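Structure, as structure tokens:
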Amino acid sequence: MALLAAVLVWAVLRPRGLPEAVSAVPAAGLAVAVGVIPPDHAWEEIQRLGPVVGFLAAVLVLAHFCDVEGLFTACGAWTARWAAGRPTRLLTAVFALASIITAVLSLDATVVLLTPVVLATATRMGVQARPHLYACAHLSNTASLLLPVSNLTNLLAFTASGLSFTRFAALMALPWLVAIAAEYLVFRRFFDDELAAPLPSPDPAGPPELPLFALITVGCTLAGFVVASALGIAPAWAALAGALVLAVRALLRRRATALTVVRSAAPAFLAFVLALGVVVRAVVDHGLADALHRVLPGGSGLLTLLGVAALAAVLANLVNNLPAVLVLLPLTAGAGPGAVLAVLLGVNIGPNLTYAGSLATLLWRRIAQQHGQRVGLGEFTRLGLLTVPATLVPAVVALWLSLHVVGV
């Protein structure tokens, strides 16, 4: 527990901007060296996480080179044009855009690539940036429910659930829509003053052309996920194919180097995920799994799903959502896909309550500060206290309905 706490504190503070792996890798090595976790258990955990981490690397490369192609800049310009100088319409457009980008290209794309574009768009329009800035943070978590590729937690849950790619998406489609709608209603109420502020005339600048090559590549990659799942092939191969197409195109056009491609895969973060998995496995082996097993509700009804999701949300805010899902999935996998997906709702929606709830929120805060935006802890928490219960409860109900209508 002390090693896990040290790793998470380092990830939150990141002294001198050093990567999370600087603390996680030595912590994992120390856990093995002193016998807290046997080497075979550590290697077993690395093997279990290896395919998921490879999938994540491919998606990160794909998202990076979509940005190189100008996809995010073009989306921001089209958003400003459609909003026509009205903050409420801009918030609606940001919700739609962030939800799609999070679902298709992962939450990291929304946090790292879309957030600066949204801030620039709000500044150019002369509107208050706060509602749209917070929307990027919340939707990077909430809107990551739809597809297995939308979030690292999804990839882990997808593996544990035993579902196909299309079945996973079918079961999560209704909870995804309900969660986004509930979040939107809370945002409209919470930021009512900023959204009602008078505006200058809208920006007359026309949007750039959409990068068709990037759009077609992303579309083919999504189709590849479905086909690969139907054929029993790991979806990581489809993600790798899409990433290679855009990366090779950028290399041939001299818009990237081999080092750029490697860096876009965030190798330090991937090492952090593997090392964190080893540390979490050590904690699980030493009693955390037994303690959680005693409080996890049994059964498959609506109240059970609500209880599982609530426990997952609480644990995510205590130890971060990635360790939470690593701990809870082995305990719930035996109860079937419903319990696994309930855990996913908790660890994806729950982190909107605190900064430490997810790595994406920590990264979003850093990016906001780099662009001169002050993000207050009190305001973030007040908004989270409203959105998390208002979003989590109807999303779990929607999951319960999906399980009965779609089936598993």
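All residue names refer to the structure tokens as shown: chains lettered A, B, ... in order, residues numbered from 1 in each chain, ligands numbered from 1 in order.
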DSSP-assigned alpha helix (DSSP H) members of stretch 77-208 of chain A, reported as a count of residues only: 92
Nearby residues (only C-alpha atoms) at most 10 Å from stretch 148-153 of chain A, same-chain spacing under 4 positions excluded, as a PyMOL selection string: chain A and resi 52-53+55-56+59+100-109+140-141+143-144+157-159+164-166+168-169+172+222+225+235-236+239+273+321-326+329+343-344+347-348+360
Length of the atom CA of A:Ala98 to atom CA of A:Ala137 vector [Å]: 9.4 Å
Non-local contacts of A:Glu69 (12 Å; only C-alpha atoms; under 2 positions in same chain excluded) as an MDAnalysis selection string: chainID A and resid 62:67 71:75 208:218 246:247 249:250 253 255:256
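If you measure from each of A:Gly232, A:Pro389, A:Gly29, A:Pro87 to A:Ala313 using only C-alpha atoms, the closest one turns out to be A:Pro389.
For A:Val118, the residues within 9 Å (counting only C-alpha atoms, excluding itself and residues fewer than 6 positions away along the chain) are A:Gly76, A:Thr79, A:Val94, A:Ala129, A:His132, A:Leu133, A:Cys136.
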Print the selection's residues with N, CA and C atoms to a file, as a PDB file, in the first residue's frame.
```pdb
ATOM      1  N   GLY A  76     -12.218  22.151 -34.700  1.00  0.00           N
ATOM      2  CA  GLY A  76     -12.414  23.357 -33.902  1.00  0.00           C
ATOM      3  C   GLY A  76     -12.970  24.502 -34.729  1.00  0.00           C
ATOM      4  N   THR A  79     -16.561  23.853 -35.517  1.00  0.00           N
ATOM      5  CA  THR A  79     -17.348  24.056 -34.301  1.00  0.00           C
ATOM      6  C   THR A  79     -17.668  25.524 -34.093  1.00  0.00           C
ATOM      7  N   VAL A  94     -19.142  21.367 -28.516  1.00  0.00           N
ATOM      8  CA  VAL A  94     -18.002  20.787 -27.803  1.00  0.00           C
ATOM      9  C   VAL A  94     -18.387  19.435 -27.215  1.00  0.00           C
ATOM     10  N   ALA A 129     -14.344  30.682 -21.429  1.00  0.00           N
ATOM     11  CA  ALA A 129     -13.792  29.367 -21.771  1.00  0.00           C
ATOM     12  C   ALA A 129     -14.141  28.294 -20.760  1.00  0.00           C
ATOM     13  N   HIS A 132     -16.573  25.207 -21.508  1.00  0.00           N
ATOM     14  CA  HIS A 132     -16.074  24.350 -22.572  1.00  0.00           C
ATOM     15  C   HIS A 132     -14.796  23.628 -22.143  1.00  0.00           C
ATOM     16  N   LEU A 133     -13.991  24.294 -21.307  1.00  0.00           N
ATOM     17  CA  LEU A 133     -12.799  23.659 -20.762  1.00  0.00           C
ATOM     18  C   LEU A 133     -13.171  22.490 -19.854  1.00  0.00           C
ATOM     19  N   CYS A 136     -14.363  19.340 -21.706  1.00  0.00           N
ATOM     20  CA  CYS A 136     -13.312  18.442 -22.205  1.00  0.00           C
ATOM     21  C   CYS A 136     -12.864  17.480 -21.119  1.00  0.00           C
TER      22      CYS A 136
END
```
Atom-to-atom span, atom CA of A:Leu146 and atom CA of A:Thr110, Å: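 Rounded to one decimal, the two atoms are 14.6 Å apart.
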Nearest-residue call for A:Ala5, choices A:Val283, A:Ala170, A:Ser161, A:Ala228, using only C-alpha atoms: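 Selected residue with least distance to A:Ala5: A:Val283.
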Non-local contacts of A:Leu383 (9 Å; only C-alpha atoms; under 6 positions in same chain excluded) as a short mmCIF file (atom, residue, chain, number, x, y, z; two decimals) with N, CA, C and O atoms, in the first residue's frame:
```cif
data_model
loop_
_atom_site.label_atom_id
_atom_site.label_comp_id
_atom_site.auth_asym_id
_atom_site.auth_seq_id
_atom_site.Cartn_x
_atom_site.Cartn_y
_atom_site.Cartn_z
N VAL A 186 -26.61 19.05 -16.53
CA VAL A 186 -25.98 19.64 -15.35
C VAL A 186 -25.10 20.82 -15.75
O VAL A 186 -25.09 21.87 -15.09
N PHE A 187 -24.37 20.68 -16.83
CA PHE A 187 -23.50 21.77 -17.30
C PHE A 187 -24.32 23.01 -17.67
O PHE A 187 -23.93 24.14 -17.34
N PHE A 190 -25.25 24.55 -14.31
CA PHE A 190 -24.12 25.01 -13.49
C PHE A 190 -23.47 26.25 -14.09
O PHE A 190 -23.06 27.17 -13.36
N ASN A 352 -14.75 12.04 -12.29
CA ASN A 352 -15.08 13.46 -12.46
C ASN A 352 -15.27 14.18 -11.13
O ASN A 352 -15.47 15.40 -11.10
N LEU A 353 -15.19 13.45 -10.04
CA LEU A 353 -15.38 14.07 -8.72
C LEU A 353 -14.09 14.70 -8.20
O LEU A 353 -14.13 15.76 -7.57
#
```
